[in-house]
Each structure stands twice: as structure tokens, then as C-alpha cells.
file entry_3.pdb (PDB, C-alpha atoms)
MODEL        1
ATOM      1  CA  MET A  13     -52.478  38.411  56.213
ATOM      2  CA  ALA A  14     -51.727  34.683  56.237
ATOM      3  CA  ALA A  15     -50.731  34.860  52.548
ATOM      4  CA  LEU A  16     -48.070  37.444  53.388
ATOM      5  CA  MET A  17     -46.569  35.188  56.051
ATOM      6  CA  VAL A  18     -46.292  32.251  53.613
ATOM      7  CA  GLN A  19     -44.539  34.400  50.996
ATOM      8  CA  GLU A  20     -42.031  35.677  53.552
ATOM      9  CA  GLU A  21     -41.122  32.116  54.534
ATOM     10  CA  GLU A  22     -40.474  31.178  50.882
ATOM     11  CA  PHE A  23     -38.211  34.193  50.326
ATOM     12  CA  GLN A  24     -34.477  33.378  50.412
ATOM     13  CA  HIS A  25     -32.105  36.203  51.294
ATOM     14  CA  ILE A  26     -29.022  34.436  49.924
ATOM     15  CA  LEU A  27     -29.122  31.890  47.092
ATOM     16  CA  ARG A  28     -26.327  29.509  46.163
ATOM     17  CA  ILE A  29     -26.047  29.256  42.375
ATOM     18  CA  LEU A  30     -22.984  27.609  40.770
ATOM     19  CA  ASN A  31     -20.809  27.981  43.898
ATOM     20  CA  THR A  32     -21.595  31.700  44.160
ATOM     21  CA  ASN A  33     -23.659  33.517  46.773
ATOM     22  CA  VAL A  34     -26.391  35.528  45.054
ATOM     23  CA  GLU A  35     -28.356  38.226  46.881
ATOM     24  CA  GLY A  36     -32.063  37.446  47.087
ATOM     25  CA  GLY A  37     -33.213  41.041  47.534
ATOM     26  CA  LYS A  38     -32.088  42.198  44.092
ATOM     27  CA  PRO A  39     -33.949  41.653  40.810
ATOM     28  CA  ALA A  40     -33.098  38.270  39.288
ATOM     29  CA  PRO A  41     -30.963  39.519  36.346
ATOM     30  CA  ILE A  42     -28.960  41.902  38.544
ATOM     31  CA  ALA A  43     -28.410  39.179  41.140
ATOM     32  CA  LEU A  44     -27.163  36.750  38.463
ATOM     33  CA  THR A  45     -24.414  39.196  37.499
ATOM     34  CA  LYS A  46     -22.668  38.296  40.786
ATOM     35  CA  ILE A  47     -21.620  35.043  39.076
ATOM     36  CA  LYS A  48     -18.319  35.577  37.258
ATOM     37  CA  GLY A  49     -18.701  35.394  33.498
ATOM     38  CA  ILE A  50     -22.311  36.622  33.467
ATOM     39  CA  GLY A  51     -23.018  40.226  32.567
ATOM     40  CA  LYS A  52     -26.256  42.202  32.516
ATOM     41  CA  ARG A  53     -27.242  41.339  28.953
ATOM     42  CA  PHE A  54     -26.530  37.633  29.364
ATOM     43  CA  ALA A  55     -28.409  37.578  32.701
ATOM     44  CA  ILE A  56     -31.485  39.182  31.088
ATOM     45  CA  LEU A  57     -31.293  36.654  28.257
ATOM     46  CA  ILE A  58     -31.088  33.796  30.771
ATOM     47  CA  CYS A  59     -34.199  35.080  32.563
ATOM     48  CA  ARG A  60     -36.098  35.356  29.284
ATOM     49  CA  LYS A  61     -35.117  31.837  28.208
ATOM     50  CA  ALA A  62     -36.133  30.485  31.639
ATOM     51  CA  GLU A  63     -39.430  32.435  31.379
ATOM     52  CA  ILE A  64     -38.745  34.374  34.577
ATOM     53  CA  ASP A  65     -40.135  37.891  35.004
ATOM     54  CA  ILE A  66     -37.218  40.346  34.940
ATOM     55  CA  ARG A  67     -38.728  42.400  37.772
ATOM     56  CA  LYS A  68     -38.989  39.360  40.043
ATOM     57  CA  ARG A  69     -36.575  39.282  42.992
ATOM     58  CA  ALA A  70     -33.979  36.515  43.076
ATOM     59  CA  GLY A  71     -35.183  35.381  46.505
ATOM     60  CA  GLU A  72     -38.667  34.748  45.133
ATOM     61  CA  LEU A  73     -37.464  32.185  42.571
ATOM     62  CA  SER A  74     -38.660  28.625  43.042
ATOM     63  CA  THR A  75     -36.227  25.704  43.084
ATOM     64  CA  GLU A  76     -37.435  24.673  39.604
ATOM     65  CA  GLU A  77     -36.650  28.132  38.223
ATOM     66  CA  ILE A  78     -33.200  28.089  39.850
ATOM     67  CA  GLU A  79     -32.473  24.676  38.324
ATOM     68  CA  LYS A  80     -33.570  25.949  34.916
ATOM     69  CA  VAL A  81     -31.281  28.982  35.262
ATOM     70  CA  LYS A  82     -28.371  26.685  36.175
ATOM     71  CA  ALA A  83     -29.087  24.471  33.158
ATOM     72  CA  ILE A  84     -29.166  27.480  30.811
ATOM     73  CA  ILE A  85     -25.889  28.848  32.179
ATOM     74  CA  GLN A  86     -24.137  25.486  31.852
ATOM     75  CA  ASN A  87     -25.486  24.651  28.361
ATOM     76  CA  PRO A  88     -26.478  27.915  26.624
ATOM     77  CA  ARG A  89     -26.293  26.497  23.084
ATOM     78  CA  GLN A  90     -29.023  23.947  23.874
ATOM     79  CA  TYR A  91     -31.380  26.840  24.617
ATOM     80  CA  ASN A  92     -30.766  28.568  21.249
ATOM     81  CA  ILE A  93     -28.481  31.272  22.613
ATOM     82  CA  PRO A  94     -26.393  32.457  19.626
ATOM     83  CA  ASP A  95     -22.648  31.783  19.502
ATOM     84  CA  TRP A  96     -21.787  35.486  19.363
ATOM     85  CA  PHE A  97     -23.356  35.912  22.818
ATOM     86  CA  LEU A  98     -20.939  33.461  24.459
ATOM     87  CA  ASN A  99     -17.765  34.652  26.187
ATOM     88  CA  ARG A 100     -15.373  32.138  24.589
ATOM     89  CA  ARG A 101     -16.194  31.989  20.902
ATOM     90  CA  LYS A 102     -13.578  29.408  19.918
ATOM     91  CA  ASP A 103     -11.940  27.271  22.572
ATOM     92  CA  MET A 104      -8.263  26.504  21.895
ATOM     93  CA  GLN A 105      -8.586  22.805  22.646
ATOM     94  CA  THR A 106     -12.007  21.907  21.234
ATOM     95  CA  GLY A 107     -12.528  24.650  18.659
ATOM     96  CA  LYS A 108     -16.162  24.994  19.758
ATOM     97  CA  PRO A 109     -17.873  28.065  21.228
ATOM     98  CA  LEU A 110     -18.302  27.867  25.020
ATOM     99  CA  HIS A 111     -19.631  30.013  27.805
ATOM    100  CA  ILE A 112     -17.334  29.865  30.804
ATOM    101  CA  HIS A 113     -18.528  30.902  34.263
ATOM    102  CA  ALA A 114     -17.413  31.055  37.900
ATOM    103  CA  HIS A 115     -14.370  28.920  38.756
ATOM    104  CA  GLN A 116     -13.983  27.696  35.151
ATOM    105  CA  LEU A 117     -13.054  31.220  34.068
ATOM    106  CA  ALA A 118      -9.908  31.423  36.204
ATOM    107  CA  ALA A 119      -8.884  27.852  35.364
ATOM    108  CA  LYS A 120      -9.199  28.399  31.593
ATOM    109  CA  PHE A 121      -7.231  31.658  31.798
ATOM    110  CA  ARG A 122      -4.480  29.886  33.741
ATOM    111  CA  GLU A 123      -4.350  27.133  31.109
ATOM    112  CA  ASP A 124      -4.187  29.721  28.310
ATOM    113  CA  LEU A 125      -1.318  31.542  30.024
ATOM    114  CA  GLN A 126       0.634  28.311  30.441
ATOM    115  CA  LYS A 127       0.106  27.459  26.773
ATOM    116  CA  TRP A 128       1.208  30.937  25.666
ATOM    117  CA  LYS A 129       4.353  30.736  27.816
ATOM    118  CA  LYS A 130       5.166  27.270  26.508
ATOM    119  CA  THR A 131       4.812  28.334  22.865
ATOM    120  CA  ARG A 132       6.819  31.522  23.584
ATOM    121  CA  ARG A 133       3.951  33.729  22.440
ATOM    122  CA  HIS A 134       4.540  37.465  22.946
ATOM    123  CA  ARG A 135       1.552  37.856  25.237
ATOM    124  CA  GLY A 136       2.641  34.891  27.372
ATOM    125  CA  LEU A 137       6.183  36.213  27.689
ATOM    126  CA  ARG A 138       4.948  39.644  28.806
ATOM    127  CA  HIS A 139       2.813  37.949  31.467
ATOM    128  CA  HIS A 140       5.800  35.889  32.581
ATOM    129  CA  TRP A 141       8.042  38.950  32.880
ATOM    130  CA  GLY A 142       5.370  40.933  34.740
ATOM    131  CA  LEU A 143       5.191  43.647  32.074
ATOM    132  CA  LYS A 144       2.173  45.341  30.516
ATOM    133  CA  VAL A 145       0.532  43.021  28.004
ATOM    134  CA  ARG A 146      -1.837  45.148  25.947
ATOM    135  CA  GLY A 147       0.547  47.614  24.342
ATOM    136  CA  GLN A 148       0.642  50.281  27.035
ATOM    137  CA  HIS A 149       3.732  52.447  27.505
ATOM    138  CA  THR A 150       5.926  51.373  30.410
ATOM    139  CA  LYS A 151       8.494  54.163  30.658
ATOM    140  CA  THR A 152       6.609  56.318  33.158
ATOM    141  CA  ASN A 153       3.356  54.690  34.287
ATOM    142  CA  GLY A 154       2.528  51.436  36.035
ATOM    143  CA  HIS A 155       5.394  51.312  38.536
ATOM    144  CA  GLY A 156       3.156  50.203  41.404
ATOM    145  CA  ASN A 157       2.920  46.727  39.937
ATOM    146  CA  LYS A 158       6.673  45.911  39.949
ATOM    147  CA  THR A 159       7.000  47.109  36.339
ATOM    148  CA  VAL A 160       9.945  49.456  35.714
ATOM    149  CA  GLY A 161      10.454  50.875  32.245
ATOM    150  CA  PHE A 162      13.388  53.255  32.610
ATOM    151  CA  ALA A 163      15.863  52.881  35.448
ATOM    152  CA  GLY A 164      17.835  56.121  34.896
ATOM    153  CA  LYS A 165      21.334  56.842  36.258
ATOM    154  CA  LYS A 166      22.561  54.880  39.242
TER     155      LYS A 166
ENDMDL
END

call {"tool": "encode", "arguments": {"input": "entry_3.pdb", "output": "C-alpha cells"}}
result
Amino acid sequence: MAALMVQEEEFQHILRILNTNVEGGKPAPIALTKIKGIGKRFAILICRKAEIDIRKRAGELSTEEIEKVKAIIQNPRQYNIPDWFLNRRKDMQTGKPLHIHAHQLAAKFREDLQKWKKTRRHRGLRHHWGLKVRGQHTKTNGHGNKTVGFAGKK
């Protein structure tokens, strides 16, 4: 009975990993997917590289395991995670494969948009004008987002 009490005290209901609140009641890989830029497959790979049981709850992780998970997320190439698994295969500035997560994701996207607008790239111009970017038709659909394709008679 005393062993159960000790385990309950060690359990954390909410973890703070890379400026993101992670639910402690969910399995570790599923809980890691709350961090932007980390999907199910990458979360499972992180747990395997950190030697964490996939069925283990996130709240049961020790501080050492959490630190190891953080280290793997921040430097995945040092832990032999292949380049094709990363979410930014070739960075525009460095030319190296990176894995971007959390607040870095939004910042990098903002930088990319600014660069595309500056170089007058088609995709950047469409973003600037508030039009559909990925080749969708604009004549009839998508009017809720200030996009108007065909005005008609006035």
C-alpha cells in the first residue's frame, strides 16, 4: 500500500516540455504529439531512442528521461535519426537538414514568407494578396476568408 502512495506522488499530471504543456495521463508518444512539429511516428522514434517504454504514461517519466527526450528533439541528428525523418530537409539559410519544433516552427514560416515576398516568388505574392496558394480554384469556393474570385455585375 505504501508503494502505491509513493508512485502517486511521483506522477505529474501536466509536464512542461519545450514551452508546451503535455498531459501526463496519456501514453508518452501520444503526449509528445502535443508539441508542434512532432507527429506520432516521430514521437515513437523519440521514445525508442530515449529507451522509454511506449506504453508508459508521460506523467510517470523521470526528470532524466524528460531531459533525454528534450535533447533528442533539439538535436535529432546526433541520435542517428535519418535526415528523411526531419521536417525541414534543407534549410534555406544553412542548407542543412533540421527538425523544427514549437515556437521555432512559426518563426521559420514567417521568415520564409518574408523571403518569398521579397524575391517576388509566386507563392509569396499569393500569401501577400490573401489568395489561395496551393492551386485551388477561387471562382466559387473560399469566400469566407476574404478571397473573392468573380465579382459579377454591379

call {"tool": "axis_aligned_box", "arguments": {"input": "entry_3.pdb", "around": "stretch 142-150 of chain A", "padding_each_side": "8 Å", "output": "JSON"}}
result
{"center_x": 2.0, "center_y": 46.7, "center_z": 29.5, "size_x": 23.8, "size_y": 27.5, "size_z": 26.4}

call {"tool": "closest_residue", "arguments": {"input": "entry_3.pdb", "among": "A:Arg53, A:Arg132, A:Lys82, A:Lys151", "to": "A:His113", "atoms": "only C-alpha atoms"}}
result
A:Lys82

call {"tool": "closest_residue", "arguments": {"input": "entry_3.pdb", "among": "A:Ala70, A:Ala62, A:Met104, A:Leu117", "to": "A:Asn92", "atoms": "all atoms listed in the file"}}
result
A:Ala62

call {"tool": "closest_residue", "arguments": {"input": "entry_3.pdb", "among": "A:Gln105, A:Phe23, A:Gly36, A:Thr150", "to": "A:Glu123", "atoms": "all atoms listed in the file"}}
result
A:Gln105

call {"tool": "residues_around", "arguments": {"input": "entry_3.pdb", "residues": "A:Arg60", "least_positions_apart": "2", "cutoff": "12 Å", "atoms": "only C-alpha atoms", "output": "PyMOL selection string"}}
result
chain A and resi 40-41+53-58+62-68+77+80-81+84+91-93

call {"tool": "write_last_selection", "arguments": {"input": "entry_3.pdb", "atoms": "C-alpha atoms", "output": "mmCIF file, keeping the file's coordinate frame"}}
result
data_model
loop_
_atom_site.group_PDB
_atom_site.id
_atom_site.type_symbol
_atom_site.label_atom_id
_atom_site.label_comp_id
_atom_site.auth_asym_id
_atom_site.auth_seq_id
_atom_site.Cartn_x
_atom_site.Cartn_y
_atom_site.Cartn_z
ATOM 1 C CA ALA A 40 -33.098 38.270 39.288
ATOM 2 C CA PRO A 41 -30.963 39.519 36.346
ATOM 3 C CA ARG A 53 -27.242 41.339 28.953
ATOM 4 C CA PHE A 54 -26.530 37.633 29.364
ATOM 5 C CA ALA A 55 -28.409 37.578 32.701
ATOM 6 C CA ILE A 56 -31.485 39.182 31.088
ATOM 7 C CA LEU A 57 -31.293 36.654 28.257
ATOM 8 C CA ILE A 58 -31.088 33.796 30.771
ATOM 9 C CA ALA A 62 -36.133 30.485 31.639
ATOM 10 C CA GLU A 63 -39.430 32.435 31.379
ATOM 11 C CA ILE A 64 -38.745 34.374 34.577
ATOM 12 C CA ASP A 65 -40.135 37.891 35.004
ATOM 13 C CA ILE A 66 -37.218 40.346 34.940
ATOM 14 C CA ARG A 67 -38.728 42.400 37.772
ATOM 15 C CA LYS A 68 -38.989 39.360 40.043
ATOM 16 C CA GLU A 77 -36.650 28.132 38.223
ATOM 17 C CA LYS A 80 -33.570 25.949 34.916
ATOM 18 C CA VAL A 81 -31.281 28.982 35.262
ATOM 19 C CA ILE A 84 -29.166 27.480 30.811
ATOM 20 C CA TYR A 91 -31.380 26.840 24.617
ATOM 21 C CA ASN A 92 -30.766 28.568 21.249
ATOM 22 C CA ILE A 93 -28.481 31.272 22.613
#

call {"tool": "resolve_selection", "arguments": {"input": "entry_3.pdb", "expression": "the PyMOL selection byres ((chain A and resi 37) around 7)", "output": "list in words"}}
result
His25, Glu35, Gly36, Lys38, Pro39, Arg69, Ala70 and Gly71 of chain A

call {"tool": "closest_residue", "arguments": {"input": "entry_3.pdb", "among": "A:Gln126, A:Gly49, A:Leu27, A:Asn33", "to": "A:Asn99", "atoms": "all atoms listed in the file"}}
result
A:Gly49

call {"tool": "closest_residue", "arguments": {"input": "entry_3.pdb", "among": "A:Thr152, A:Thr131, A:Gln116, A:Gln24", "to": "A:Ile78", "atoms": "all atoms listed in the file"}}
result
A:Gln24

call {"tool": "atom_distance", "arguments": {"input": "entry_3.pdb", "atom1": "atom CA of A:Leu125", "atom2": "atom CA of A:Ile112"}}
result
16.1 Å

call {"tool": "atom_distance", "arguments": {"input": "entry_3.pdb", "atom1": "atom CA of A:Leu73", "atom2": "atom CA of A:Leu110"}}
result
26.3 Å

call {"tool": "atom_distance", "arguments": {"input": "entry_3.pdb", "atom1": "atom CA of A:Gly147", "atom2": "atom CA of A:His115"}}
result
27.9 Å

call {"tool": "closest_residue", "arguments": {"input": "entry_3.pdb", "among": "A:Glu72, A:Glu79, A:Asp103, A:Asp124", "to": "A:Glu22", "atoms": "all atoms listed in the file"}}
result
A:Glu72

call {"tool": "residues_around", "arguments": {"input": "entry_3.pdb", "residues": "A:Arg135", "least_positions_apart": "3", "cutoff": "9 Å", "atoms": "only C-alpha atoms", "output": "number ranges by chain"}}
result
A: 125, 128-129, 132, 138-140, 145-146

call {"tool": "decode", "arguments": {"input": "entry_3.pdb", "residues": "stretch 62-103 of chain A", "atoms": "C-alpha atoms", "output": "compact mmCIF listing (two decimals), in the first residue's frame"}}
result
# COMPACT_ATOMS: atom_id res chain seq x y z
CA ALA A 62 15.45 7.52 -25.27
CA GLU A 63 14.78 3.87 -24.28
CA ILE A 64 11.35 4.70 -22.85
CA ASP A 65 8.58 2.09 -22.90
CA ILE A 66 5.91 3.23 -25.37
CA ARG A 67 3.11 2.12 -23.04
CA LYS A 68 4.47 4.20 -20.17
CA ARG A 69 2.41 7.27 -19.23
CA ALA A 70 4.01 10.68 -19.70
CA GLY A 71 3.43 11.55 -16.04
CA GLU A 72 5.50 8.56 -14.95
CA LEU A 73 8.65 9.77 -16.74
CA SER A 74 11.60 10.68 -14.55
CA THR A 75 13.38 14.02 -14.91
CA GLU A 76 16.33 12.24 -16.56
CA GLU A 77 14.04 10.70 -19.19
CA ILE A 78 12.40 14.08 -19.85
CA GLU A 79 15.82 15.70 -20.30
CA LYS A 80 16.82 12.94 -22.71
CA VAL A 81 13.62 13.46 -24.71
CA LYS A 82 14.32 17.21 -24.88
CA ALA A 83 17.88 16.55 -26.06
CA ILE A 84 16.67 14.18 -28.80
CA ILE A 85 14.05 16.65 -30.02
CA GLN A 86 16.55 19.52 -30.14
CA ASN A 87 19.39 17.53 -31.79
CA PRO A 88 17.86 14.54 -33.63
CA ARG A 89 20.83 14.02 -35.98
CA GLN A 90 23.16 13.36 -33.02
CA TYR A 91 20.97 10.39 -32.09
CA ASN A 92 21.17 8.79 -35.57
CA ILE A 93 17.70 9.84 -36.68
CA PRO A 94 17.80 9.82 -40.51
CA ASP A 95 17.52 13.07 -42.47
CA TRP A 96 14.36 11.95 -44.27
CA PHE A 97 12.57 11.80 -40.89
CA LEU A 98 13.14 15.50 -40.18
CA ASN A 99 10.50 18.12 -41.01
CA ARG A 100 12.82 20.61 -42.74
CA ARG A 101 15.07 18.64 -45.06
CA LYS A 102 17.07 21.58 -46.42
CA ASP A 103 17.04 24.89 -44.60
